[in-house]
Amino acid sequence: MARYIFITGGVVSSLGKGVASAALGALLQARGYKVRSRKLDPYLNVDPGTMSPYQHGECFVTDDGTEADLDLGHYERFTDVSATKGDNITTGQIYKNIIEKERRGDYLGATVQVIPHVTDLIKNFVLADAGDADFVLCEIGGTVGDIEALPFFEAIRQLGNELPRGDAIYIHLTLMPYIPSAGEMKTKPTQHSVKELRSIGIQPDVLLVRCDRPIPASEKRKIALFCNVRESAVVQAMDVRTIYEAPLAYHGEGFDQEVLDAFGIKDAKEPELKPWRDIIRRITAPDGEVTIAVVGKYTVLKDAYKSLIEALAHGGIANNVKVSIDWIDSAIFEKEEEAVQRLSHVHGILVPGGFGERGAEGKIKAAQFAREKDIPYFGICYGMQMAVLEAARNLCGIEDAISSEFEKSGTPVVGLMTEWEKDGQKQVRGNKGDLGGTMRLGAYPAALAKGSLVREIYGADTIEERHRHRYEVNMAIEDQLNDHGIVFSGKSPDGRLPEIMEIPDHPWFIGVQYHPELKSRPFDPHPLFASYIGAALKRSRLV
C-alpha cells in the first residue's frame, strides 16, 4: 500500500512547493522507490485552461488531454513519470461534481455540506489509483490560512487519522527572511505559519525552510522548540543555481532521510545521485553559449513559458552549452519599423504558443526575418501558424492571408479546426458552447515525411506529441507553399491536418503545431530542442 506525503506551504506563495515536491520525488526514486505526484488546487476555476498566463502562469497539458497546473511539469521533468487527469484537481471540479450530483438527486435529499461531501471527494481523489507507487506526494496549492484552501487542509487532516498509522506525514514549507536593518534571520513567520497549521489539526513532521543564507544552529533549535518538531526535522532550503540542483542540495541537508525517518523506514538504500551530479556539471560548466530570442506576448511573466524555458535549457544540456534567452515583446516590431534588426545578432529565433491577435504581426515579422536572414527558427503552435501566414503573404502572394482568430477580414489560411472538419470526424474534445475544453488537447500521432529534417531529428517515421490549440493551418495552401520551397513534413495519420512545416533549404526552420516542450526532460532532452540549439550553436560560430 502506498504511503502519503502531504506538502503544504506558509508565509508567502511562490516559495517553490512544486520544485520541492518534485525534488523529493526524485530523491525517493533515486533510492529505488516508485512515486506518484499530485497537485490539489484550491481555486474555483475548473482548470487553468481559461486562466490568464499573467495570473496563473503556464497551463500544462498531459498526454490524456488534461489542462493542469504548471507544477505537474516540474513533477514530470524531475521524475519522468507522466501525469494524468488523476493527478490534478481544483475546487471548481469538486463543486461542479457535487452540484451535478445534487441536481440529479444522488444525495437523496440530504443537506450537502463541506464536511463530509466536499472533503470526501478530496480524499477520494487523493487515494484513487495510486497504482504500484510506494509514495504518493500531494501538494496543496496556496498557503495555510487561505480561506479557499480550508476544505483541502481538513481533508488531509482526516486522512492522517484514517490511513494506517505511519502511512501519512506532513511537510510544511515556510520562509525564514533576513532583515538587513537588524542583521538577523527571523523565525517568527515560520512560527506563525506552523501555529496556523496546528490550529486546524495538522502537526508537521518536517519543516522545509526557504532562506537565502545558512540558518544558525541556535535558530534551528528555536524553530524546533516553538513548532514542536525535532531539530533535525528543520531542514534549510537555500537558493540554488538551478532548480535541478535542488535534489542534491536537499539531500545534502538530510531532507529525504528525515522523510524516511518520519515513516519509520530504516532499511532504505542510499540514493544514486550521479545522474543529477552530471546534469549540474553540464549546466554549471558549459562549453560555450548561445542566445535565443523568444518573441512572445507574455514576456513580463516568465512562468507563462515555464516548460519552454526548461526545454531550451535541456537543449543546452544536450549540446553542453548555456542558453541565454532574450525576451522580446513581439508588439515592439509593430511599433518600430527597424526594431526587428534587434534579431540580427541572436543565434536563434523562437516564437512560442499563444492566443489572440495582439502581437501577431510582430511575430510574423520575426518569422520573416529568420527566413530571410537564415537564422534558425523554431515556431511552436501559434509560432508555426505565424510562419505559415508570413510565407503565404510574402511568398505565395496571398497578401491578405490571416487567421480567423484575428478580428479582421482577409483570406483565412489559419482557422478553427471545425472549419476543416468533414465526414463527421471531429478533432475537438468537449462542449463547443464553452471556452473550456474546446481545444485539441493531449497526445496525438503524426506521420513524418521521408527525407525530411524532422524525420532525421526524431529518428522515427511516426511520433506522438501533446497539443493545445483551437486553430489549424488549412491544408488547401499546401501546393502553393510547396512551390516556394516550404513543405508540411509532418501530418496527422489521415493526412488532413498539418503538424509540422519546414524549409529544407534553410539552415534550420521548423514550425510545429504541437508543444514539444511539454515532453522534454533534463535527462532526455526533446530531440527538436537538442537539434535547434545545435543549429544555434553552429550559427554562433559563424557570426
# chains A, B, ... in the order shown; residues from 1 in each chain; ligands from 1
$ residues_around --residues "A:Tyr250" --least-positions-apart "4" --cutoff "9 Å" --atoms "only C-alpha atoms" --output "number ranges by chain"
A: 20, 23-24, 27, 235-238, 245-246, 254-256
$ write_last_selection --atoms "C-alpha atoms" --output "compact mmCIF listing (two decimals), in the first residue's frame"
# COMPACT_ATOMS: atom_id res chain seq x y z
CA ALA A 20 10.39 20.84 -3.51
CA ALA A 23 12.90 17.13 -5.86
CA LEU A 24 11.68 14.90 -3.03
CA LEU A 27 15.29 11.61 -4.23
CA VAL A 235 15.66 21.44 7.01
CA GLN A 236 17.09 24.55 5.42
CA ALA A 237 16.35 25.07 1.73
CA MET A 238 18.76 27.65 0.43
CA GLU A 245 20.39 21.34 -8.10
CA ALA A 246 17.50 21.08 -5.60
CA GLY A 254 19.11 15.40 5.03
CA PHE A 255 15.61 16.13 3.69
CA ASP A 256 14.91 12.69 2.23
$ residues_around --residues "A:Ile500" --least-positions-apart "2" --cutoff "12 Å" --atoms "only C-alpha atoms" --output "ChimeraX atom specification"
/A:378-381,383-385,387-388,445-449,452-455,463,465,472-473,475,478,486-492,495,497-498,502-503,509-516,528
$ write_last_selection --atoms "C-alpha atoms" --output "short mmCIF file (atom, residue, chain, number, x, y, z; two decimals), in the first residue's frame"
data_model
loop_
_atom_site.label_atom_id
_atom_site.label_comp_id
_atom_site.auth_asym_id
_atom_site.auth_seq_id
_atom_site.Cartn_x
_atom_site.Cartn_y
_atom_site.Cartn_z
CA PHE A 378 11.51 27.41 -34.17
CA GLY A 379 7.78 28.09 -34.29
CA ILE A 380 5.65 26.35 -31.70
CA CYS A 381 1.86 26.12 -32.18
CA GLY A 383 4.56 30.27 -33.90
CA MET A 384 4.05 27.75 -36.70
CA GLN A 385 0.82 29.44 -37.76
CA ALA A 387 5.35 31.37 -40.03
CA VAL A 388 2.79 29.95 -42.48
CA PRO A 445 0.09 10.91 -33.54
CA ALA A 446 1.76 12.34 -36.63
CA ALA A 447 3.42 10.76 -39.66
CA LEU A 448 6.77 12.22 -40.76
CA ALA A 449 7.72 12.60 -44.41
CA SER A 452 12.58 15.40 -44.06
CA LEU A 453 14.71 17.06 -41.41
CA VAL A 454 12.21 16.25 -38.67
CA ARG A 455 12.28 12.57 -39.55
CA ILE A 463 5.62 10.40 -33.42
CA GLU A 465 3.10 14.82 -29.24
CA GLU A 472 -5.11 24.76 -37.62
CA VAL A 473 -3.37 25.64 -40.86
CA MET A 475 -4.17 22.12 -45.98
CA GLU A 478 -0.03 23.11 -49.28
CA ILE A 486 8.06 25.06 -47.88
CA VAL A 487 6.79 21.61 -47.01
CA PHE A 488 4.45 20.06 -44.49
CA SER A 489 6.86 17.39 -43.28
CA GLY A 490 4.52 16.06 -40.61
CA LYS A 491 0.79 15.39 -40.88
CA SER A 492 -1.95 13.65 -38.97
CA GLY A 495 -3.27 13.49 -43.94
CA LEU A 497 -4.03 18.20 -40.55
CA PRO A 498 -0.54 19.69 -40.95
CA GLU A 502 9.89 23.12 -42.55
CA ILE A 503 12.08 24.83 -45.14
CA PHE A 509 13.45 26.43 -39.99
CA ILE A 510 10.77 24.28 -38.36
CA GLY A 511 7.28 25.03 -37.12
CA VAL A 512 5.21 22.52 -35.17
CA GLN A 513 1.52 22.66 -34.29
CA TYR A 514 2.07 20.82 -31.01
CA HIS A 515 4.03 21.64 -27.84
CA PRO A 516 7.25 19.59 -27.75
CA LEU A 528 13.74 19.10 -31.57
#
$ closest_atom_pairs --of "stretch 433-540 of chain A" --to "stretch 312-318 of chain A" --cutoff "9 Å" --atoms "only C-alpha atoms" --output "CSV"
residue,atom,partner,partner_atom,distance
A:Glu517,CA,A:Leu312,CA,8.2
A:Ser520,CA,A:His314,CA,7.2
A:Arg521,CA,A:His314,CA,6.7
A:Pro522,CA,A:His314,CA,5.2
A:Phe523,CA,A:His314,CA,8.0
A:Asp524,CA,A:His314,CA,7.8
A:Pro525,CA,A:His314,CA,5.0
A:His526,CA,A:Gly315,CA,7.3
A:Pro527,CA,A:Gly315,CA,8.1
A:Leu528,CA,A:Gly315,CA,8.3
A:Phe529,CA,A:Gly315,CA,4.9
A:Ala530,CA,A:Gly315,CA,4.1
A:Ser531,CA,A:Gly315,CA,7.5
A:Tyr532,CA,A:Gly315,CA,7.5
A:Ile533,CA,A:Gly315,CA,5.7
A:Gly534,CA,A:Gly315,CA,7.9
$ select_by_dssp --residues "stretch 227-266 of chain A" --states "strand (DSSP E)" --output "list of chain:residue names"
A:Val234, A:Val235, A:Gln236, A:Ala237, A:Met238
$ residues_around --residues "stretch 145-158 of chain A" --least-positions-apart "6" --cutoff "12 Å" --atoms "only C-alpha atoms" --output "ChimeraX atom specification"
/A:4-13,39-45,89-92,94-95,113-127,137-139,164,168-172,192-204
$ closest_residue --among "A:Thr187, A:Val240, A:Lys101, A:Ala68" --to "A:Ile215" --atoms "only C-alpha atoms"
A:Thr187
$ residues_around --residues "A:Val323" --least-positions-apart "2" --cutoff "6 Å" --atoms "only C-alpha atoms" --output "number ranges by chain"
A: 289-291, 316
$ write_last_selection --atoms "N, CA, C and O atoms" --output "PDB file, in the first residue's frame"
ATOM      1  N   GLU A 289      28.133  29.323 -25.323  1.00  0.00           N
ATOM      2  CA  GLU A 289      26.855  29.954 -25.015  1.00  0.00           C
ATOM      3  C   GLU A 289      26.154  30.371 -26.306  1.00  0.00           C
ATOM      4  O   GLU A 289      26.799  30.791 -27.267  1.00  0.00           O
ATOM      5  N   VAL A 290      24.833  30.214 -26.328  1.00  0.00           N
ATOM      6  CA  VAL A 290      24.036  30.690 -27.456  1.00  0.00           C
ATOM      7  C   VAL A 290      22.928  31.583 -26.920  1.00  0.00           C
ATOM      8  O   VAL A 290      22.481  31.432 -25.775  1.00  0.00           O
ATOM      9  N   THR A 291      22.495  32.513 -27.747  1.00  0.00           N
ATOM     10  CA  THR A 291      21.410  33.420 -27.369  1.00  0.00           C
ATOM     11  C   THR A 291      20.208  33.170 -28.253  1.00  0.00           C
ATOM     12  O   THR A 291      20.312  33.203 -29.484  1.00  0.00           O
ATOM     13  N   GLY A 316      20.340  22.946 -24.257  1.00  0.00           N
ATOM     14  CA  GLY A 316      21.697  23.356 -23.925  1.00  0.00           C
ATOM     15  C   GLY A 316      22.485  22.234 -23.284  1.00  0.00           C
ATOM     16  O   GLY A 316      23.666  22.037 -23.587  1.00  0.00           O
TER      17      GLY A 316
END
$ closest_residue --among "A:Leu15, A:Asp167, A:Arg241, A:Thr111" --to "A:Ala2" --atoms "only C-alpha atoms"
A:Asp167
$ residues_around --residues "A:Val414" --least-positions-apart "4" --cutoff "8 Å" --atoms "only C-alpha atoms" --output "number ranges by chain"
A: 385, 389, 402-405, 471-474
$ residues_around --residues "A:Lys222" --least-positions-apart "2" --cutoff "10 Å" --atoms "only C-alpha atoms" --output "PDB file with all heavy atoms, in the first residue's frame"
ATOM      1  N   THR A 187      12.652  33.951  12.807  1.00  0.00           N
ATOM      2  CA  THR A 187      11.908  32.686  12.864  1.00  0.00           C
ATOM      3  C   THR A 187      10.406  32.893  13.016  1.00  0.00           C
ATOM      4  O   THR A 187       9.639  31.956  12.835  1.00  0.00           O
ATOM      5  CB  THR A 187      12.382  31.836  14.059  1.00  0.00           C
ATOM      6  OG1 THR A 187      12.031  32.505  15.282  1.00  0.00           O
ATOM      7  CG2 THR A 187      13.884  31.619  14.020  1.00  0.00           C
ATOM      8  N   LYS A 188       9.994  34.123  13.357  1.00  0.00           N
ATOM      9  CA  LYS A 188       8.596  34.350  13.696  1.00  0.00           C
ATOM     10  C   LYS A 188       7.627  33.997  12.553  1.00  0.00           C
ATOM     11  O   LYS A 188       6.562  33.407  12.829  1.00  0.00           O
ATOM     12  CB  LYS A 188       8.388  35.798  14.135  1.00  0.00           C
ATOM     13  CG  LYS A 188       7.073  36.039  14.874  1.00  0.00           C
ATOM     14  CD  LYS A 188       7.009  35.229  16.161  1.00  0.00           C
ATOM     15  CE  LYS A 188       7.950  35.759  17.219  1.00  0.00           C
ATOM     16  NZ  LYS A 188       7.798  35.048  18.512  1.00  0.00           N
ATOM     17  N   GLN A 191       7.091  30.356  12.765  1.00  0.00           N
ATOM     18  CA  GLN A 191       6.322  30.011  13.959  1.00  0.00           C
ATOM     19  C   GLN A 191       4.838  30.262  13.759  1.00  0.00           C
ATOM     20  O   GLN A 191       3.996  29.422  14.102  1.00  0.00           O
ATOM     21  CB  GLN A 191       6.815  30.839  15.156  1.00  0.00           C
ATOM     22  CG  GLN A 191       8.213  30.493  15.641  1.00  0.00           C
ATOM     23  CD  GLN A 191       8.609  31.350  16.830  1.00  0.00           C
ATOM     24  OE1 GLN A 191       7.829  31.539  17.757  1.00  0.00           O
ATOM     25  NE2 GLN A 191       9.826  31.881  16.805  1.00  0.00           N
ATOM     26  N   PRO A 216      21.465  29.659  11.370  1.00  0.00           N
ATOM     27  CA  PRO A 216      22.303  29.339  12.536  1.00  0.00           C
ATOM     28  C   PRO A 216      21.696  28.205  13.354  1.00  0.00           C
ATOM     29  O   PRO A 216      20.468  28.051  13.426  1.00  0.00           O
ATOM     30  CB  PRO A 216      22.304  30.651  13.333  1.00  0.00           C
ATOM     31  CG  PRO A 216      21.980  31.718  12.325  1.00  0.00           C
ATOM     32  CD  PRO A 216      21.043  31.077  11.355  1.00  0.00           C
ATOM     33  N   ALA A 217      22.541  27.413  13.979  1.00  0.00           N
ATOM     34  CA  ALA A 217      22.071  26.273  14.776  1.00  0.00           C
ATOM     35  C   ALA A 217      21.119  26.731  15.878  1.00  0.00           C
ATOM     36  O   ALA A 217      20.133  26.046  16.187  1.00  0.00           O
ATOM     37  CB  ALA A 217      23.267  25.530  15.372  1.00  0.00           C
ATOM     38  N   SER A 218      21.385  27.894  16.459  1.00  0.00           N
ATOM     39  CA  SER A 218      20.521  28.398  17.526  1.00  0.00           C
ATOM     40  C   SER A 218      19.115  28.678  17.015  1.00  0.00           C
ATOM     41  O   SER A 218      18.126  28.460  17.728  1.00  0.00           O
ATOM     42  CB  SER A 218      21.117  29.673  18.135  1.00  0.00           C
ATOM     43  OG  SER A 218      21.238  30.689  17.138  1.00  0.00           O
ATOM     44  N   GLU A 219      19.029  29.153  15.783  1.00  0.00           N
ATOM     45  CA  GLU A 219      17.716  29.465  15.208  1.00  0.00           C
ATOM     46  C   GLU A 219      16.970  28.188  14.821  1.00  0.00           C
ATOM     47  O   GLU A 219      15.750  28.126  14.919  1.00  0.00           O
ATOM     48  CB  GLU A 219      17.874  30.376  13.989  1.00  0.00           C
ATOM     49  CG  GLU A 219      18.535  31.722  14.300  1.00  0.00           C
ATOM     50  CD  GLU A 219      17.806  32.462  15.407  1.00  0.00           C
ATOM     51  OE1 GLU A 219      16.726  33.014  15.146  1.00  0.00           O
ATOM     52  OE2 GLU A 219      18.321  32.469  16.546  1.00  0.00           O
ATOM     53  N   LYS A 220      17.702  27.164  14.399  1.00  0.00           N
ATOM     54  CA  LYS A 220      17.064  25.870  14.131  1.00  0.00           C
ATOM     55  C   LYS A 220      16.463  25.307  15.410  1.00  0.00           C
ATOM     56  O   LYS A 220      15.348  24.773  15.401  1.00  0.00           O
ATOM     57  CB  LYS A 220      18.090  24.874  13.550  1.00  0.00           C
ATOM     58  CG  LYS A 220      18.343  25.030  12.068  1.00  0.00           C
ATOM     59  CD  LYS A 220      19.137  23.826  11.559  1.00  0.00           C
ATOM     60  CE  LYS A 220      19.331  23.902  10.058  1.00  0.00           C
ATOM     61  NZ  LYS A 220      20.012  22.700   9.530  1.00  0.00           N
ATOM     62  N   ALA A 224      12.525  24.488  16.115  1.00  0.00           N
ATOM     63  CA  ALA A 224      12.118  23.159  16.575  1.00  0.00           C
ATOM     64  C   ALA A 224      11.334  23.249  17.879  1.00  0.00           C
ATOM     65  O   ALA A 224      10.304  22.590  18.057  1.00  0.00           O
ATOM     66  CB  ALA A 224      13.352  22.270  16.752  1.00  0.00           C
ATOM     67  N   LEU A 225      11.795  24.099  18.791  1.00  0.00           N
ATOM     68  CA  LEU A 225      11.151  24.231  20.090  1.00  0.00           C
ATOM     69  C   LEU A 225       9.731  24.774  19.968  1.00  0.00           C
ATOM     70  O   LEU A 225       8.787  24.213  20.533  1.00  0.00           O
ATOM     71  CB  LEU A 225      11.993  25.154  20.983  1.00  0.00           C
ATOM     72  CG  LEU A 225      11.410  25.482  22.363  1.00  0.00           C
ATOM     73  CD1 LEU A 225      11.330  24.208  23.214  1.00  0.00           C
ATOM     74  CD2 LEU A 225      12.263  26.547  23.060  1.00  0.00           C
ATOM     75  N   PHE A 226       9.579  25.862  19.195  1.00  0.00           N
ATOM     76  CA  PHE A 226       8.280  26.520  19.117  1.00  0.00           C
ATOM     77  C   PHE A 226       7.324  25.856  18.122  1.00  0.00           C
ATOM     78  O   PHE A 226       6.118  26.093  18.177  1.00  0.00           O
ATOM     79  CB  PHE A 226       8.460  27.997  18.751  1.00  0.00           C
ATOM     80  CG  PHE A 226       8.935  28.838  19.898  1.00  0.00           C
ATOM     81  CD1 PHE A 226      10.276  29.177  20.015  1.00  0.00           C
ATOM     82  CD2 PHE A 226       8.057  29.273  20.876  1.00  0.00           C
ATOM     83  CE1 PHE A 226      10.728  29.945  21.075  1.00  0.00           C
ATOM     84  CE2 PHE A 226       8.498  30.038  21.939  1.00  0.00           C
ATOM     85  CZ  PHE A 226       9.839  30.374  22.049  1.00  0.00           C
ATOM     86  N   CYS A 227       7.858  25.043  17.225  1.00  0.00           N
ATOM     87  CA  CYS A 227       6.999  24.396  16.216  1.00  0.00           C
ATOM     88  C   CYS A 227       6.766  22.915  16.509  1.00  0.00           C
ATOM     89  O   CYS A 227       6.123  22.217  15.721  1.00  0.00           O
ATOM     90  CB  CYS A 227       7.602  24.565  14.819  1.00  0.00           C
ATOM     91  SG  CYS A 227       7.683  26.289  14.286  1.00  0.00           S
ATOM     92  N   ASN A 228       7.330  22.438  17.630  1.00  0.00           N
ATOM     93  CA  ASN A 228       7.075  21.077  18.088  1.00  0.00           C
ATOM     94  C   ASN A 228       7.555  20.021  17.098  1.00  0.00           C
ATOM     95  O   ASN A 228       6.859  19.049  16.808  1.00  0.00           O
ATOM     96  CB  ASN A 228       5.575  20.893  18.382  1.00  0.00           C
ATOM     97  CG  ASN A 228       5.298  19.650  19.203  1.00  0.00           C
ATOM     98  OD1 ASN A 228       6.103  19.262  20.043  1.00  0.00           O
ATOM     99  ND2 ASN A 228       4.161  19.007  18.963  1.00  0.00           N
ATOM    100  N   GLU A 231      14.766  18.855  16.045  1.00  0.00           N
ATOM    101  CA  GLU A 231      15.692  19.821  15.447  1.00  0.00           C
ATOM    102  C   GLU A 231      16.194  19.341  14.088  1.00  0.00           C
ATOM    103  O   GLU A 231      16.354  20.128  13.161  1.00  0.00           O
ATOM    104  CB  GLU A 231      16.872  20.059  16.391  1.00  0.00           C
ATOM    105  CG  GLU A 231      17.807  21.159  15.914  1.00  0.00           C
ATOM    106  CD  GLU A 231      18.957  21.406  16.874  1.00  0.00           C
ATOM    107  OE1 GLU A 231      18.807  21.078  18.079  1.00  0.00           O
ATOM    108  OE2 GLU A 231      20.006  21.902  16.421  1.00  0.00           O
ATOM    109  N   VAL A 234      14.114  20.255  11.000  1.00  0.00           N
ATOM    110  CA  VAL A 234      14.111  21.627  10.468  1.00  0.00           C
ATOM    111  C   VAL A 234      15.178  21.663   9.382  1.00  0.00           C
ATOM    112  O   VAL A 234      16.386  21.734   9.660  1.00  0.00           O
ATOM    113  CB  VAL A 234      14.418  22.655  11.573  1.00  0.00           C
ATOM    114  CG1 VAL A 234      14.420  24.068  10.986  1.00  0.00           C
ATOM    115  CG2 VAL A 234      13.399  22.539  12.700  1.00  0.00           C
TER     116      VAL A 234
END
$ residues_around --residues "A:Trp508" --least-positions-apart "4" --cutoff "7 Å" --atoms "only C-alpha atoms" --output "PyMOL selection string"
chain A and resi 376-377+535
$ write_last_selection --atoms "C-alpha atoms" --output "tab-separated table (two decimals), in the first residue's frame"
chain	number	residue	atom	x	y	z
A	376	PRO	CA	17.46	29.15	-37.04
A	377	TYR	CA	13.73	29.49	-36.43
A	535	ALA	CA	21.83	24.75	-35.09
$ closest_residue --among "A:Gly288, A:Gly166, A:Gly65, A:Gly183" --to "A:Ala262" --atoms "only C-alpha atoms"
A:Gly166
$ atom_distance --atom1 "atom CA of A:Asp267" --atom2 "atom CA of A:Arg3"
15.6 Å
$ select_by_dssp --residues "stretch 3-112 of chain A" --states "alpha helix (DSSP H)" --output "PyMOL selection string"
chain A and resi 17-30+53-56+71-79+91-104
$ atom_distance --atom1 "atom CA of A:Arg38" --atom2 "atom CA of A:Cys211"
25.3 Å
$ closest_residue --among "A:Leu248, A:Leu173, A:Ala392, A:Val144" --to "A:Ile477" --atoms "only C-alpha atoms"
A:Ala392
$ closest_residue --among "A:Ala133, A:Ile279, A:Val295, A:Cys396" --to "A:Phe333" --atoms "only C-alpha atoms"
A:Val295
$ atom_distance --atom1 "atom CA of A:Gly359" --atom2 "atom CA of A:Gln341"
16.9 Å
